[in-house]
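Content type compact mmCIF, C-alpha atoms and all ligand atoms, from the file work13.txt:
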# COMPACT_ATOMS: atom_id res chain seq x y z
CA MET A 184 0.00 0.00 0.00
CA SER A 185 1.27 3.49 -0.76
CA LYS A 186 2.23 5.74 2.12
CA PRO A 187 -0.13 8.52 3.27
CA ILE A 188 0.87 11.95 1.99
CA ILE A 189 1.93 14.87 4.20
CA ALA A 190 2.41 18.42 2.93
CA VAL A 191 4.43 20.69 5.22
CA LEU A 192 4.02 24.40 4.51
CA THR A 193 6.76 26.44 6.13
CA GLY A 194 7.52 30.15 6.49
CA ALA A 195 10.14 32.35 8.06
CA GLY A 196 9.19 31.28 11.61
CA ILE A 197 10.73 27.82 11.22
CA SER A 198 14.14 29.40 10.61
CA ALA A 199 13.80 32.07 13.33
CA GLU A 200 15.48 29.90 15.96
CA SER A 201 18.40 29.31 13.61
CA GLY A 202 19.01 33.07 13.75
CA ILE A 203 17.32 34.30 10.56
CA ASN A 204 14.92 37.18 11.19
CA THR A 205 11.28 36.84 10.10
CA PHE A 206 9.91 39.36 7.59
CA ARG A 207 7.16 41.08 9.45
CA GLY A 208 9.00 42.26 12.54
CA ALA A 209 7.51 44.89 14.83
CA ASP A 210 9.00 47.68 12.68
CA GLY A 211 7.45 46.32 9.47
CA LEU A 212 10.88 46.29 7.82
CA TRP A 213 12.99 43.42 6.49
CA GLU A 214 16.46 43.79 8.00
CA GLY A 215 15.99 47.57 7.99
CA HIS A 216 14.62 47.83 4.44
CA SER A 217 11.16 48.20 2.99
CA VAL A 218 10.22 45.03 1.11
CA GLN A 219 9.44 47.11 -1.99
CA ASP A 220 13.03 48.40 -2.09
CA VAL A 221 14.75 45.03 -1.90
CA ALA A 222 12.21 42.49 -3.14
CA SER A 223 10.47 43.87 -6.20
CA PRO A 224 11.34 44.34 -9.89
CA ASP A 225 10.91 48.11 -9.35
CA GLY A 226 13.42 48.07 -6.51
CA TRP A 227 15.91 46.25 -8.79
CA ARG A 228 15.44 48.85 -11.54
CA ARG A 229 15.76 51.73 -9.09
CA ASP A 230 18.86 50.57 -7.24
CA GLN A 231 20.49 47.35 -8.42
CA GLU A 232 23.50 47.84 -6.11
CA LEU A 233 21.29 48.05 -3.03
CA VAL A 234 19.45 44.86 -3.99
CA LEU A 235 22.65 42.95 -4.80
CA ASP A 236 24.23 44.06 -1.54
CA PHE A 237 21.12 43.13 0.43
CA TYR A 238 21.07 39.55 -0.89
CA ASN A 239 24.85 39.28 -0.53
CA GLN A 240 24.38 39.96 3.17
CA ARG A 241 21.53 37.45 3.45
CA ARG A 242 23.65 34.81 1.66
CA LYS A 243 26.63 35.41 3.99
CA GLN A 244 24.36 35.14 7.01
CA LEU A 245 22.80 31.91 5.73
CA LEU A 246 26.21 30.27 5.42
CA GLU A 247 26.83 31.01 9.12
CA VAL A 248 23.63 29.48 10.55
CA GLU A 249 22.49 25.90 11.06
CA PRO A 250 19.17 24.05 10.80
CA ASN A 251 17.34 23.76 14.13
CA ALA A 252 15.37 20.97 15.82
CA ALA A 253 12.22 21.74 13.82
CA HIS A 254 13.91 21.29 10.43
CA LYS A 255 15.43 18.02 11.66
CA ASP A 256 12.24 16.65 13.31
CA LEU A 257 10.37 16.86 10.00
CA VAL A 258 12.73 14.29 8.49
CA LYS A 259 11.29 11.65 10.87
CA LEU A 260 8.01 11.80 8.95
CA GLU A 261 9.68 10.36 5.86
CA SER A 262 9.81 6.83 7.35
CA LYS A 263 6.01 6.63 7.42
CA PHE A 264 4.74 9.26 5.00
CA ASP A 265 5.27 10.47 1.49
CA THR A 266 6.49 13.82 2.84
CA HIS A 267 6.67 17.05 0.85
CA ILE A 268 8.02 20.33 2.19
CA ILE A 269 6.61 23.42 0.50
CA THR A 270 8.54 26.37 1.85
CA GLN A 271 8.28 30.11 1.36
CA ASN A 272 11.80 30.35 2.71
CA VAL A 273 14.74 31.02 0.44
CA ASP A 274 17.24 29.45 2.86
CA ASP A 275 18.54 25.89 2.49
CA LEU A 276 17.93 24.82 6.09
CA HIS A 277 15.39 22.12 5.16
CA GLU A 278 17.96 20.60 2.80
CA ARG A 279 20.71 20.75 5.42
CA GLY A 280 18.28 19.42 8.05
CA GLY A 281 17.95 16.28 5.91
CA SER A 282 14.56 16.60 4.16
CA ASN A 283 14.32 15.22 0.64
CA ASN A 284 11.32 16.59 -1.28
CA ILE A 285 11.42 20.38 -1.05
CA VAL A 286 9.58 22.94 -3.17
CA HIS A 287 10.94 26.48 -2.80
CA LEU A 288 7.94 28.61 -3.70
CA HIS A 289 9.79 31.91 -3.40
CA GLY A 290 13.15 30.85 -4.85
CA GLU A 291 16.53 30.08 -3.36
CA LEU A 292 19.17 32.36 -1.91
CA LEU A 293 22.03 30.08 -2.99
CA LYS A 294 21.04 30.28 -6.65
CA VAL A 295 21.16 33.08 -9.23
CA ARG A 296 19.75 33.36 -12.72
CA SER A 297 20.11 35.32 -15.93
CA ILE A 298 17.90 38.40 -16.24
CA GLU A 299 17.28 37.51 -19.91
CA ASN A 300 17.07 33.68 -19.82
CA PRO A 301 15.28 32.66 -16.62
CA SER A 302 16.11 29.00 -17.30
CA LEU A 303 19.83 29.73 -16.89
CA VAL A 304 20.11 29.13 -13.15
CA TYR A 305 23.41 28.68 -11.29
CA GLU A 306 24.42 27.58 -7.78
CA TRP A 307 25.96 30.63 -6.07
CA LYS A 308 27.60 30.94 -2.64
CA LYS A 309 29.79 34.04 -3.05
CA ASP A 310 28.81 37.72 -3.49
CA LEU A 311 26.89 38.57 -6.68
CA ILE A 312 28.02 41.83 -8.27
CA THR A 313 27.20 43.99 -11.30
CA GLY A 314 29.17 42.42 -14.16
CA ASP A 315 28.57 38.80 -13.10
CA VAL A 316 26.94 37.37 -16.22
CA CYS A 317 25.38 34.15 -17.51
CA GLU A 318 27.00 32.09 -20.28
CA LYS A 319 25.23 34.29 -22.83
CA GLY A 320 26.61 37.47 -21.33
CA HIS A 321 23.56 38.79 -19.46
CA GLN A 322 23.59 40.12 -15.90
CA LEU A 323 22.72 37.62 -13.15
CA ARG A 324 20.13 38.38 -10.46
CA PRO A 325 19.10 36.57 -7.27
CA HIS A 326 16.91 33.49 -7.95
CA ILE A 327 14.16 34.89 -5.76
CA VAL A 328 10.46 35.44 -6.50
CA TRP A 329 9.93 39.13 -5.87
CA PHE A 330 6.63 40.85 -5.10
CA GLY A 331 4.64 41.25 -8.29
CA GLU A 332 6.36 38.28 -10.01
CA ALA A 333 4.78 34.96 -10.95
CA VAL A 334 5.27 31.98 -8.63
CA PRO A 335 6.36 29.25 -11.09
CA LEU A 336 6.06 26.35 -8.62
CA LEU A 337 2.58 27.25 -7.42
CA GLU A 338 0.83 24.55 -9.47
CA THR A 339 3.24 21.88 -8.28
CA ALA A 340 2.57 22.93 -4.68
CA ALA A 341 -1.22 23.04 -5.15
CA GLU A 342 -1.14 19.55 -6.64
CA ILE A 343 0.71 18.20 -3.59
CA VAL A 344 -1.63 19.94 -1.12
CA SER A 345 -4.71 18.66 -2.97
CA GLN A 346 -3.59 15.05 -2.40
CA ALA A 347 -2.37 15.33 1.19
CA ASN A 348 -3.93 13.33 4.04
CA ALA A 349 -2.41 15.78 6.53
CA ILE A 350 -0.98 19.27 6.31
CA ILE A 351 1.40 20.94 8.77
CA ILE A 352 1.77 24.72 8.58
CA ILE A 353 4.75 26.12 10.47
CA GLY A 354 5.87 29.69 11.19
CA THR A 355 4.09 31.74 8.58
CA SER A 356 1.87 34.76 9.07
CA MET A 357 -0.39 33.46 6.25
CA GLN A 358 -0.50 36.94 4.74
CA VAL A 359 1.37 36.62 1.48
CA TYR A 360 -0.67 35.22 -1.41
CA PRO A 361 -0.71 33.00 -3.37
CA ALA A 362 1.26 30.91 -0.82
CA ALA A 363 -1.22 31.66 1.97
CA GLY A 364 -4.06 30.39 -0.21
CA LEU A 365 -2.54 26.95 -0.79
CA VAL A 366 -4.39 25.43 2.13
CA GLY A 367 -7.59 26.16 0.19
CA TYR A 368 -6.66 23.21 -2.06
CA ALA A 369 -6.71 20.74 0.85
CA LEU A 370 -9.12 17.79 0.82
CA PRO A 371 -12.15 18.43 3.06
CA GLY A 372 -11.08 15.60 5.39
CA ALA A 373 -7.38 16.50 5.60
CA ALA A 374 -6.04 17.00 9.13
CA ILE A 375 -4.43 20.45 9.39
CA TYR A 376 -1.92 21.47 12.06
CA TYR A 377 -0.62 25.02 12.48
CA VAL A 378 2.46 25.56 14.65
CA ASP A 379 3.17 29.23 15.40
CA PRO A 380 3.59 31.18 18.68
CA TYR A 381 1.42 33.97 17.20
CA PRO A 382 -0.87 32.20 14.72
CA SER A 383 -2.91 34.26 12.24
CA ILE A 384 -5.99 32.37 11.14
CA ASN A 385 -6.71 33.61 7.62
CA TRP A 386 -9.89 33.01 5.66
CA GLU A 387 -8.81 29.63 4.25
CA LEU A 388 -7.91 28.33 7.71
CA SER A 389 -11.01 29.68 9.41
CA ASN A 390 -13.09 27.45 7.11
CA ARG A 391 -11.37 24.25 8.20
CA PRO A 392 -13.07 22.18 10.93
CA ASN A 393 -10.07 19.81 11.15
CA LEU A 394 -7.64 22.56 12.19
CA LYS A 395 -5.48 22.07 15.27
CA VAL A 396 -3.45 25.10 16.35
CA VAL A 397 -0.25 24.50 18.34
CA GLU A 398 0.61 27.89 19.76
CA GLU A 399 4.31 27.26 20.29
CA LYS A 400 7.71 27.91 18.79
CA ALA A 401 8.71 25.55 16.01
CA SER A 402 11.46 23.94 18.11
CA THR A 403 8.93 22.56 20.61
CA GLY A 404 5.69 22.47 18.59
CA VAL A 405 6.87 20.55 15.54
CA ILE A 406 8.03 17.48 17.47
CA LYS A 407 4.61 17.23 19.16
CA VAL A 408 2.81 17.24 15.82
CA VAL A 409 5.29 14.78 14.30
CA GLU A 410 4.79 12.39 17.23
CA GLU A 411 1.02 12.69 17.03
CA LEU A 412 1.01 11.91 13.32
CA MET A 413 3.41 8.98 13.70
CA GLU A 414 1.07 7.44 16.29
CA LYS A 415 -2.13 8.20 14.42
CA TYR A 416 -1.25 6.54 11.11
N1 LIG B 501 8.63 29.29 15.58
C1 LIG B 501 7.53 29.29 14.77
N2 LIG B 501 6.99 30.42 14.26
C2 LIG B 501 7.58 31.59 14.60
C3 LIG B 501 8.71 31.67 15.44
C4 LIG B 501 9.24 30.44 15.94
N3 LIG B 501 10.29 30.41 16.75
N4 LIG B 501 9.04 32.98 15.58
C5 LIG B 501 8.16 33.68 14.84
N5 LIG B 501 7.26 32.86 14.26
C6 LIG B 501 6.14 33.16 13.37
C7 LIG B 501 5.49 34.52 13.57
O1 LIG B 501 4.53 34.45 14.64
C8 LIG B 501 4.82 34.74 12.22
O2 LIG B 501 3.51 34.21 12.19
O3 LIG B 501 6.60 33.17 12.05
C9 LIG B 501 5.73 33.95 11.25
C10 LIG B 501 6.59 34.80 10.35
O4 LIG B 501 5.76 35.55 9.49
P1 LIG B 501 6.38 36.43 8.33
O5 LIG B 501 7.53 37.22 8.85
O6 LIG B 501 5.27 37.17 7.71
O7 LIG B 501 7.01 35.34 7.33
P2 LIG B 501 6.32 34.52 6.17
O8 LIG B 501 4.90 34.21 6.49
O9 LIG B 501 7.24 33.40 5.85
O10 LIG B 501 6.37 35.57 4.99
C11 LIG B 501 5.91 35.18 3.73
O11 LIG B 501 6.63 37.23 2.74
O12 LIG B 501 8.22 38.92 2.45
C12 LIG B 501 7.67 37.76 1.94
O13 LIG B 501 8.59 36.36 0.32
C13 LIG B 501 8.66 36.67 1.70
O14 LIG B 501 8.41 34.28 1.90
C14 LIG B 501 8.13 35.53 2.53
C15 LIG B 501 6.67 35.84 2.61
Target encoding structure tokens, full file:
Amino acid sequence: MSKPIIAVLTGAGISAESGINTFRGADGLWEGHSVQDVASPDGWRRDQELVLDFYNQRRKQLLEVEPNAAHKDLVKLESKFDTHIITQNVDDLHERGGSNNIVHLHGELLKVRSIENPSLVYEWKKDLITGDVCEKGHQLRPHIVWFGEAVPLLETAAEIVSQANAIIIIGTSMQVYPAAGLVGYALPGAAIYYVDPYPSINWELSNRPNLKVVEEKASTGVIKVVEELMEKY
């Protein structure tokens, strides 16, 4: 018999305890910048150097941090479930934590791509500067989905969610669409868990009778949900 399917939807909160700041801090800024300045095509056109420098700093920081207990606990699910991580995070902490099937909805910090040929994508760990070009000679940009851009992996993610027996949502404010709307694709009978110390129940979640909210940090909440699911199935 095939294994039951679990979709795990993660946001910035799962990486908070690794030392990466969430987006919507009390000041409404992302590491001191407005999101429009550093994460939009307009911001890139206005000030390419600022955007490159911003992601260079994020990349450096990422290489200094480690996955935490929550990233690692999710791997345990793989022994019993067909487990899929759908993350809004651009870090690689799920990969380094040991998970295998990971969809990066909003791109990846350790990749860059050509501004002219989006299919020319390269692994990238060093600083990215003006003058770094693809094999066809075009400037490279961060491989990140900025505000106002299409989310190429959305359909893949929706397909996974629509087949899942259980869904775990971890550390996301459920504010940024289309990612926040993915739970709307869930089967009516799917069990839904939401681990977040400050959960925000959006419209899609409020319509779900099978929702269980675990109002805790990822490092303590995720293991409880993983254990419950391992016992239940
Ligand atoms: N454990 C679990 N959740 C936590 C923790 C923690 N230790 N600390 C904070 N959180 C929760 C917050 O309560 C909040 O609900 O993480 C969530 C972070 O929300 P956001 O900062 O809005 O991050 P996210 O939902 O991932 O943002 C979505 O917005 O700017 C864009 O593209 C960017 O992918 C990002 C998207």
Each chain A residue no farther than 9 Å from ligand LIG 501 (chain B), nearest pair in Å, only C-alpha atoms and all ligand atoms, as a tab-separated table:
residue	atom	partner	partner_atom	distance
A:Thr193	CA	B:LIG501	O9	7.0
A:Gly194	CA	B:LIG501	O9	3.3
A:Ala195	CA	B:LIG501	O9	3.8
A:Gly196	CA	B:LIG501	O3	3.2
A:Ile197	CA	B:LIG501	C1	5.0
A:Ser198	CA	B:LIG501	C4	7.3
A:Ala199	CA	B:LIG501	N3	5.2
A:Glu200	CA	B:LIG501	N3	5.3
A:Ser201	CA	B:LIG501	N3	8.8
A:Asn204	CA	B:LIG501	O5	7.8
A:Thr205	CA	B:LIG501	O5	4.0
A:Phe206	CA	B:LIG501	O5	3.4
A:Arg207	CA	B:LIG501	O5	3.9
A:Gly208	CA	B:LIG501	O5	6.4
A:Trp213	CA	B:LIG501	O12	7.7
A:Val218	CA	B:LIG501	O12	6.6
A:Ala222	CA	B:LIG501	O12	7.7
A:Ala253	CA	B:LIG501	N1	8.5
A:Thr270	CA	B:LIG501	O14	7.9
A:Gln271	CA	B:LIG501	O14	4.2
A:Asn272	CA	B:LIG501	O14	5.3
A:Val273	CA	B:LIG501	O14	7.3
A:Leu288	CA	B:LIG501	O14	8.0
A:His289	CA	B:LIG501	O13	5.9
A:Gly290	CA	B:LIG501	O13	8.8
A:Ile327	CA	B:LIG501	O13	8.4
A:Val328	CA	B:LIG501	O13	7.1
A:Trp329	CA	B:LIG501	O13	6.9
A:Phe330	CA	B:LIG501	O13	7.3
A:Ile353	CA	B:LIG501	C1	6.0
A:Gly354	CA	B:LIG501	N2	3.3
A:Thr355	CA	B:LIG501	O8	3.3
A:Ser356	CA	B:LIG501	O2	3.6
A:Met357	CA	B:LIG501	O8	5.3
A:Gln358	CA	B:LIG501	O8	6.3
A:Val359	CA	B:LIG501	C11	5.3
A:Tyr360	CA	B:LIG501	C11	8.3
A:Ala362	CA	B:LIG501	C11	7.8
A:Ala363	CA	B:LIG501	O8	8.0
A:Val378	CA	B:LIG501	C1	6.3
A:Asp379	CA	B:LIG501	N2	4.2
A:Pro380	CA	B:LIG501	O1	5.3
A:Tyr381	CA	B:LIG501	O1	4.1
A:Pro382	CA	B:LIG501	O2	5.4
A:Ser383	CA	B:LIG501	O2	6.4
A:Glu398	CA	B:LIG501	C1	8.6
A:Glu399	CA	B:LIG501	C1	6.7
A:Lys400	CA	B:LIG501	N1	3.6
A:Ala401	CA	B:LIG501	N1	3.8
A:Ser402	CA	B:LIG501	N1	6.6
A:Thr403	CA	B:LIG501	N1	8.4
A:Gly404	CA	B:LIG501	N1	8.0
A:Val405	CA	B:LIG501	C1	8.8
query = Could you name the residues that touch Arg229 in chain A at 12 Å or less, counting only C-alpha atoms, but leaving out those on the same chain fewer than 6 positions away, as a list in words?
reply =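 Listing them by chain and then by number gives Gln219, Asp220, Val221, Ala222, Ser223 and Leu235 of chain A.
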Spatial neighbours of Ala190 in chain A, 9 Å, all atoms listed in the file, chain gap at least 3 places, as a ChimeraX atom specification = /A:265-269,340,343-344,346-352
message = So, with only C-alpha atoms as the atoms that count, which of A:Gly372, A:Gly281, A:Val191, A:Trp227 lies closest to Asn251 in chain A?
response = A:Gly281
task = Tell me, in Å to one decimal, how far CA of Leu336 in chain A is from CA of Val286 in chain A.
result =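 Atom-to-atom, CA of Leu336 in chain A and CA of Val286 in chain A are spaced 7.3 Å apart.
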key: Interatomic distance, CA of His287 in chain A to CA of Ser217 in chain A (Å, one decimal)   =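 Calculated distance between CA of His287 in chain A and CA of Ser217 in chain A is 22.5 Å.
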Residues of range 287-308 of chain A within 6 Å of range 312-326 of chain A: nearest atom pair and distance (Å, one decimal) for each, counting all atoms listed in the file, sorted by chain and number, as a tab-separated table?
residue	atom	partner	partner_atom	distance
A:Gly290	CA	A:His326	CA	5.5
A:Glu291	CA	A:His326	CA	5.7
A:Lys294	CA	A:His326	CA	5.4
A:Val295	CA	A:His326	CA	4.5
A:Arg296	CA	A:Leu323	CA	5.2
A:Ser297	CA	A:Leu323	CA	4.5
A:Ile298	CA	A:Leu323	CA	5.8
key: Separation of CA of Lys259 in chain A from CA of Ser389 in chain A, in Å and rounded to one decimal   =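 Those two atoms sit 28.7 Å apart.
Shortest atom-to-atom contact with Ile189 in chain A among A:Lys263, A:His216, A:Lys255, A:Lys243: A:Lys263, counting all atoms listed in the file.
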query = So, counting only C-alpha atoms, which residue among A:Val258, A:Leu233, A:Gly226, A:Arg242 is closest to Ile406 in chain A?
reply =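 Ranked by minimum distance to Ile406 in chain A, first place goes to A:Val258.
Neighbouring residues of Glu411 in chain A at 12 Å or closer, counting only C-alpha atoms and skipping chain neighbours under 2 positions away, are Leu260, Ala349, Ile351, Ala374, Tyr376, Lys395, Val397, Gly404, Val405, Ile406, Lys407, Val408, Val409, Met413, Glu414, Lys415 and Tyr416 of chain A.
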Around all the atoms of range 290-300 of chain A listed in the file, draw an axis-aligned box and extend it by 8 Å on each of the six sides; I want its centre and edge lengths in Å to one decimal, as JSON.
{"center_x": 17.6, "center_y": 34.2, "center_z": -10.9, "size_x": 24.9, "size_y": 24.3, "size_z": 34.0}
